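Comments concern the structure below.
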Amino acid sequence: MTTTHPAASAAAAAAGGPAAGAAVKAADRAHVFHSWSAQGLIDPLPIAGAEGSYFWDYDGNRYLDFSSQLVNTNIGHQHPKVVAAIQEQAAKLCTLAPGFAVDVRSEAARLIAERTPGDLDKIFFTNGGAEAVENAVRMARLHTGRAKVLSAYRSYHGATAAAINLTGDPRRWPSDTASAGVVHFWGPFLYRSPFHAENEAQECERALAHLEQTIAFEGPQSIAAIILETVPGTAGIMVPPPGYLAGVREICDRYGIVFILDEVMAGFGRTGAWFAADHFGVTPDLLTFAKGVNSGYVPLGGVAISAEIAATFDTRPYPGGLTYSGHPLACASAVATLNAMAEERIVENAAEIGEKVIGPALREIAERHPSVGEVRGLGVFWALDLVRNKETREPLVPYNAAGAANAPMAEFAAACKRGGLWPFVNMNRTHVVPACTVTEAEAKEGLAALDEALTAADAHTV
């Protein structure tokens with residue numbers, strides 16, 4: 001069973017202890033409607049506090065956060081510089097409409113533009129990633145005068161109307177309005193290649209050929225944009241093969257298609273670079289971001305816009321906006337986050353921990369466990385593809401498994417939590433996505449707990 005931690009126990013006691021936790025849970029069950037859940041089948045854990053790489057419950061059980069919540073607390077929990085910046089901004093100016101020029105909004109935009117690739121120097125602020133995707137698609141359609149958008153099957157782009165249709169995973173199905181102008185295609189993924197490729201070069205070549213054929217059959221003149229997660233996140237952390245993103249860029253240029261990179265999850269240090277696009281030397285026309293820009297301390301997202309697309313709206317009004325676009329509290333937290341990341345070498349830490357600690361350890365773990373089919377990732381953005389059989393690569397659970405069919409993954413996740421590790425689990429994968437601030441000691445602690453928990457998955461292999 002999970003054991004209590006002295007510091008967490010003291011903090012939990014200060015927060016009111018088990019009785020307070022029971023009250024929080026009772027109020028939650030009475031009034032909170034949770035996302036992506038059958039309300040009567042969930043059992044939310046009441047959380048008393050968090051700091052750095054850890055959070056704890058009201059019983060004093062402490063968990064090492066290997067999920068970064070929803071892969072967004074890139075600078076960890078309760079970073080003092082960001083907390084102070086939010087407090088200072090609240091004392092100065094809590095909110096102001098988007099039409100005004102505000103110092104902290106301008107500075108957040110400048111710091112983001114400083115780090116984006118190429119000429120993506122204009123920033124449209126949103127409240128989160130899904131709204132960023134919605135607006136990027138709208139900009140692309142207005143800029144080109146075309147309607148269709150292409151996206152990959154293995155993808156997640158958000159839960160709002162256009163974003164959920166762009167999404168490739170099963171969360172799209174209940175809300176899919178005949179794809180609403182979206183055409184899906186297969187992106188590269190050598191381990192489970194739809195192209196029968198034998199190496200990365202073949203996978204890249206065949207994936208690009210498939211994309212170009214899809215464009216030909218859909219009609220290039222009808223396609224406004226291609227949107228890709230630079231490194232797909234929830235769908236499996238599949239780092240694209242060398243040359244693939246450059247190939248998509250070339251195809252877009254040839255047909256006048258807007259190239260959108262979704263960096264909502266991969267951006268701001270997660271891959272060991274400011275943006276995942278930096279690894280591939282590719283500049284999109286539009287880049288969406290959220291999550292890591294301020295570690296989710298206050299809701300914030302946005303679109304970084306190229307000079308050409310921004311010019312489309314120099315004299316033509318852009319028909320979109322949000323009441324809380326560029327909210328001062330959110331922008332203050334972004335400024336503090338970006339400055340802290342630079343001052344404390346947080347992006348460099350993510351790269352070093354990934355290269356020297358997480359990557360090597362996961363590859364060793366894979367050798368010891370029959371349930372680990374593949375290890376893939378970079379920075380603090382990794383996935384283990386769990387299988388029933390390494391030779392056949394049969395997933396540990398079926399695609400979109402639920403109930404009894406998902407029992408092996410549920411048992412694995414429970415084993416992680418008993419060991420004090422909070423995992424990120426999706427379908428047949430577990431993702432290793434700690435904060436970009438994670439220390440070597442914390443990473444090794446989490447990897448040891450993961451190693452132990454994988455014995456639960458091993459029990460289901462053949």
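Residues are referred to by chain and number: the chain letter is A, B, ... according to the order shown in the structure tokens, the number counts from 1 in that chain, and ligands are numbered separately from 1 in the order shown.
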
Counting only C-alpha atoms, what is within 10 Å of Ala235 in chain A, bar same-chain residues fewer than 2 positions away, as a PDB file with N, CA and C atoms, in the first residue's frame?
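Final output, selection14.pdb:
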ATOM      1  N   TYR A 153      -4.702  10.628 -37.867  1.00  0.00           N
ATOM      2  CA  TYR A 153      -5.540   9.783 -37.022  1.00  0.00           C
ATOM      3  C   TYR A 153      -4.996   9.701 -35.602  1.00  0.00           C
ATOM      4  N   ARG A 154      -3.710   9.527 -35.467  1.00  0.00           N
ATOM      5  CA  ARG A 154      -3.117   9.458 -34.125  1.00  0.00           C
ATOM      6  C   ARG A 154      -2.831  10.885 -33.663  1.00  0.00           C
ATOM      7  N   SER A 155      -3.851  11.529 -33.096  1.00  0.00           N
ATOM      8  CA  SER A 155      -3.692  12.924 -32.700  1.00  0.00           C
ATOM      9  C   SER A 155      -4.747  13.306 -31.676  1.00  0.00           C
ATOM     10  N   TYR A 156      -4.467  14.388 -30.971  1.00  0.00           N
ATOM     11  CA  TYR A 156      -5.469  15.033 -30.132  1.00  0.00           C
ATOM     12  C   TYR A 156      -5.254  16.540 -30.238  1.00  0.00           C
ATOM     13  N   THR A 167      -9.298  16.035 -34.066  1.00  0.00           N
ATOM     14  CA  THR A 167      -8.715  14.967 -33.255  1.00  0.00           C
ATOM     15  C   THR A 167      -8.900  13.610 -33.941  1.00  0.00           C
ATOM     16  N   GLY A 168      -7.866  12.778 -33.840  1.00  0.00           N
ATOM     17  CA  GLY A 168      -7.951  11.471 -34.471  1.00  0.00           C
ATOM     18  C   GLY A 168      -8.360  10.352 -33.545  1.00  0.00           C
ATOM     19  N   ASP A 169      -8.178  10.532 -32.230  1.00  0.00           N
ATOM     20  CA  ASP A 169      -8.431   9.414 -31.321  1.00  0.00           C
ATOM     21  C   ASP A 169      -9.928   9.268 -31.009  1.00  0.00           C
ATOM     22  N   GLU A 229       0.499  17.623 -34.628  1.00  0.00           N
ATOM     23  CA  GLU A 229       1.287  17.776 -33.415  1.00  0.00           C
ATOM     24  C   GLU A 229       2.743  17.505 -33.803  1.00  0.00           C
ATOM     25  N   VAL A 231       5.325  16.607 -32.124  1.00  0.00           N
ATOM     26  CA  VAL A 231       5.489  15.258 -31.578  1.00  0.00           C
ATOM     27  C   VAL A 231       4.151  14.892 -30.949  1.00  0.00           C
ATOM     28  N   PRO A 232       3.399  13.975 -31.556  1.00  0.00           N
ATOM     29  CA  PRO A 232       2.087  13.626 -30.988  1.00  0.00           C
ATOM     30  C   PRO A 232       2.211  13.228 -29.529  1.00  0.00           C
ATOM     31  N   GLY A 233       1.325  13.790 -28.687  1.00  0.00           N
ATOM     32  CA  GLY A 233       1.425  13.583 -27.255  1.00  0.00           C
ATOM     33  C   GLY A 233       0.571  12.459 -26.733  1.00  0.00           C
ATOM     34  N   ILE A 237       3.376   9.821 -28.125  1.00  0.00           N
ATOM     35  CA  ILE A 237       4.731  10.386 -28.143  1.00  0.00           C
ATOM     36  C   ILE A 237       5.564   9.725 -29.240  1.00  0.00           C
ATOM     37  N   MET A 238       5.115   9.911 -30.461  1.00  0.00           N
ATOM     38  CA  MET A 238       5.768   9.328 -31.629  1.00  0.00           C
ATOM     39  C   MET A 238       6.627  10.385 -32.306  1.00  0.00           C
ATOM     40  N   ALA A 383       7.300   7.585 -23.848  1.00  0.00           N
ATOM     41  CA  ALA A 383       6.210   6.622 -23.778  1.00  0.00           C
ATOM     42  C   ALA A 383       6.768   5.207 -23.791  1.00  0.00           C
ATOM     43  N   ASN A 426      -2.592   5.924 -21.093  1.00  0.00           N
ATOM     44  CA  ASN A 426      -3.575   6.075 -22.169  1.00  0.00           C
ATOM     45  C   ASN A 426      -3.532   4.837 -23.059  1.00  0.00           C
ATOM     46  N   MET A 427      -4.680   4.166 -23.170  1.00  0.00           N
ATOM     47  CA  MET A 427      -4.788   2.928 -23.943  1.00  0.00           C
ATOM     48  C   MET A 427      -3.729   1.938 -23.483  1.00  0.00           C
ATOM     49  N   ARG A 429      -0.495   2.398 -23.325  1.00  0.00           N
ATOM     50  CA  ARG A 429       0.778   3.088 -23.101  1.00  0.00           C
ATOM     51  C   ARG A 429       0.827   3.714 -21.719  1.00  0.00           C
TER      52      ARG A 429
END

*Select from range 151-395 of chain A everything DSSP, run on the backbone, classes as helix (DSSP H, G or I), then give the selection as a PyMOL selection string.*
chain A and resi 161-166+170-175+190-192+200-218+220-222+244-255+276-279+291-293+307-312+328-343+346-368

Exercise for review: Would you mind listing what lies within 10 Å of Gly76 in chain A as a PyMOL selection string, with only C-alpha atoms counted and same-chain residues fewer than 4 positions away left out?
Suggested key: chain A and resi 50-54+65+68-69+72+295+434-438

Expected file contents, prior selection, N, CA and C atoms, as a CSV table (one decimal), in the first residue's frame:
chain,number,residue,atom,x,y,z
A,50,ALA,N,0.6,20.6,-3.1
A,50,ALA,CA,1.6,20.1,-4.1
A,50,ALA,C,2.8,21.1,-4.0
A,51,GLU,N,3.9,20.6,-4.4
A,51,GLU,CA,5.1,21.4,-4.5
A,51,GLU,C,6.2,20.7,-5.3
A,52,GLY,N,6.7,21.4,-6.3
A,52,GLY,CA,7.8,20.8,-7.1
A,52,GLY,C,7.3,19.6,-7.9
A,53,SER,N,7.9,18.5,-7.8
A,53,SER,CA,7.5,17.3,-8.5
A,53,SER,C,6.5,16.4,-7.8
A,54,TYR,N,6.0,16.8,-6.7
A,54,TYR,CA,5.1,16.0,-5.8
A,54,TYR,C,3.7,16.7,-5.5
A,65,ASP,N,4.8,13.1,-9.3
A,65,ASP,CA,3.9,13.4,-10.4
A,65,ASP,C,4.7,13.1,-11.7
A,68,SER,N,2.8,15.2,-14.8
A,68,SER,CA,2.7,16.6,-14.8
A,68,SER,C,1.3,17.1,-15.0
A,69,GLN,N,0.4,16.4,-14.2
A,69,GLN,CA,-1.0,16.6,-14.3
A,69,GLN,C,-1.5,16.2,-15.7
A,72,ASN,N,1.4,19.4,-18.2
A,72,ASN,CA,1.4,20.9,-18.3
A,72,ASN,C,2.2,21.6,-17.2
A,295,SER,N,2.8,26.7,-17.3
A,295,SER,CA,2.6,25.5,-16.5
A,295,SER,C,1.1,25.4,-16.0
A,434,PRO,N,7.5,13.7,-16.4
A,434,PRO,CA,7.6,14.5,-15.2
A,434,PRO,C,7.8,16.0,-15.6
A,435,ALA,N,7.9,16.8,-14.6
A,435,ALA,CA,8.2,18.2,-14.8
A,435,ALA,C,9.5,18.4,-15.4
A,436,CYS,N,9.7,19.5,-16.2
A,436,CYS,CA,11.0,19.8,-16.8
A,436,CYS,C,12.0,20.1,-15.7
A,437,THR,N,11.5,20.4,-14.5
A,437,THR,CA,12.4,20.7,-13.4
A,437,THR,C,12.8,19.5,-12.6
A,438,VAL,N,12.4,18.3,-13.0
A,438,VAL,CA,12.6,17.1,-12.2
A,438,VAL,C,14.2,16.9,-12.0

(Q) For Gly326 in chain A, find every residue with an atom within 10 Å (counting only C-alpha atoms), except residues of its own chain fewer than 6 positions away, and show them as a list of chain:residue names. (A) A:Thr95, A:Leu96, A:Ala97, A:Pro98, A:Gly99, A:Val102, A:Val104, A:Arg105, A:Ser106, A:Ala108, A:Ala109, A:Ile123, A:Phe124, A:Phe125, A:Thr126, A:Asn127, A:Pro299, A:Leu300, A:Gly301, A:Gly302, A:Ala332

Arg316 in chain A proximity check over A:Ala207, A:Met139, A:Ala246, A:Leu450, using only C-alpha atoms: winner is A:Met139

Excluding same-chain residues fewer than 2 positions from Ala14 in chain A, what lies within 12 Å of it counting only C-alpha atoms, as a ChimeraX atom specification?
-> /A:7-12,16-21,48-49,57-60

Residue selection dump (N, CA and C atoms) as a JSON list (two decimals), in the first residue's frame:
[["chain", "number", "residue", "atom", "x", "y", "z"],
["A", 7, "ALA", "N", 6.71, 14.84, 5.49],
["A", 7, "ALA", "CA", 6.42, 16.22, 5.10],
["A", 7, "ALA", "C", 5.00, 16.34, 4.57],
["A", 8, "ALA", "N", 4.58, 15.35, 3.77],
["A", 8, "ALA", "CA", 3.23, 15.37, 3.23],
["A", 8, "ALA", "C", 2.20, 15.19, 4.34],
["A", 9, "SER", "N", 2.52, 14.35, 5.33],
["A", 9, "SER", "CA", 1.61, 14.15, 6.46],
["A", 9, "SER", "C", 1.41, 15.44, 7.23],
["A", 10, "ALA", "N", 2.51, 16.17, 7.45],
["A", 10, "ALA", "CA", 2.41, 17.44, 8.18],
["A", 10, "ALA", "C", 1.58, 18.45, 7.39],
["A", 11, "ALA", "N", 1.81, 18.52, 6.08],
["A", 11, "ALA", "CA", 1.05, 19.45, 5.24],
["A", 11, "ALA", "C", -0.42, 19.05, 5.18],
["A", 12, "ALA", "N", -0.68, 17.74, 5.12],
["A", 12, "ALA", "CA", -2.06, 17.26, 5.08],
["A", 12, "ALA", "C", -2.78, 17.59, 6.38],
["A", 16, "GLY", "N", -6.16, 20.05, 7.29],
["A", 16, "GLY", "CA", -7.38, 19.55, 7.93],
["A", 16, "GLY", "C", -7.45, 18.06, 8.06],
["A", 17, "GLY", "N", -6.49, 17.33, 7.45],
["A", 17, "GLY", "CA", -6.44, 15.90, 7.60],
["A", 17, "GLY", "C", -7.57, 15.15, 6.92],
["A", 18, "PRO", "N", -7.73, 13.88, 7.25],
["A", 18, "PRO", "CA", -8.73, 13.03, 6.58],
["A", 18, "PRO", "C", -10.15, 13.57, 6.62],
["A", 19, "ALA", "N", -10.53, 14.22, 7.69],
["A", 19, "ALA", "CA", -11.90, 14.74, 7.77],
["A", 19, "ALA", "C", -12.13, 15.82, 6.72],
["A", 20, "ALA", "N", -11.13, 16.68, 6.53],
["A", 20, "ALA", "CA", -11.24, 17.72, 5.50],
["A", 20, "ALA", "C", -11.28, 17.08, 4.11],
["A", 21, "GLY", "N", -10.48, 16.05, 3.93],
["A", 21, "GLY", "CA", -10.47, 15.35, 2.65],
["A", 21, "GLY", "C", -11.82, 14.73, 2.34],
["A", 48, "ALA", "N", -4.59, 17.71, -1.14],
["A", 48, "ALA", "CA", -4.40, 18.74, -0.12],
["A", 48, "ALA", "C", -3.37, 19.77, -0.51],
["A", 49, "GLY", "N", -2.39, 19.38, -1.33],
["A", 49, "GLY", "CA", -1.35, 20.34, -1.70],
["A", 49, "GLY", "C", -0.35, 19.74, -2.67],
["A", 57, "ASP", "N", -2.24, 13.82, -0.73],
["A", 57, "ASP", "CA", -3.65, 13.82, -0.35],
["A", 57, "ASP", "C", -3.82, 14.18, 1.12],
["A", 58, "TYR", "N", -5.05, 14.17, 1.59],
["A", 58, "TYR", "CA", -5.33, 14.58, 2.96],
["A", 58, "TYR", "C", -4.94, 13.52, 3.99],
["A", 59, "ASP", "N", -4.58, 12.33, 3.53],
["A", 59, "ASP", "CA", -4.10, 11.28, 4.43],
["A", 59, "ASP", "C", -2.58, 11.30, 4.56],
["A", 60, "GLY", "N", -1.94, 12.22, 3.82],
["A", 60, "GLY", "CA", -0.50, 12.32, 3.89],
["A", 60, "GLY", "C", 0.23, 11.42, 2.91]]

Check: Within 10 Å of Tyr318 in chain A, counting only C-alpha atoms, which residues qualify if same-chain residues fewer than 3 places away don't, as a ChimeraX atom specification?
Finding: /A:135,138-139,142,310,312-315,321

In range 62-276 of chain A, what's strand (DSSP E or B) per DSSP? Answer as number ranges by chain? A: 62-65, 77, 122-126, 148-152, 182-185, 223-229, 258-262

Taken to one decimal, the CA of Ala22 in chain A-CA of Pro46 in chain A distance is 7.8 Å

Counting only C-alpha atoms, give me one row per residue of range 152-173 of chain A with an atom at most 12 Å from an atom of range 279-293 of chain A, showing the shortest contact pair and its distance in Å to one decimal, sorted by chain then residue number, as JSON lines.
{"residue": "A:His157", "atom": "CA", "partner": "A:Thr288", "partner_atom": "CA", "distance": 9.8}
{"residue": "A:Gly158", "atom": "CA", "partner": "A:Ala290", "partner_atom": "CA", "distance": 11.3}
{"residue": "A:Ala163", "atom": "CA", "partner": "A:Thr288", "partner_atom": "CA", "distance": 11.8}

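Surrounding range 407-424 of chain A within 6 Å are Met1, Thr2, Tyr63, Leu64, Asp65, Phe66, Ser67, Thr430, His431, Ala449, Ala453, Ala456 and Ala457 of chain A, with only C-alpha atoms counted and residues fewer than 5 positions along the same chain left out.
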
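In this structure, CA of Asn339 in chain A sits 12.4 Å away from CA of Trp274 in chain A.
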
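For the pair CA of Pro188 in chain A and CA of Arg206 in chain A, the separation is 8.4 Å.
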
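Nearest residue to Val264 in chain A, choosing from A:Val303, A:Glu198, A:Val380, A:Ala30 and counting only C-alpha atoms: A:Val303.
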
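Minimum atom-to-atom distance to Tyr324 in chain A, evaluated using only C-alpha atoms, belongs to A:Val298 out of A:Val433, A:Val298, A:Val462, A:Ala91.
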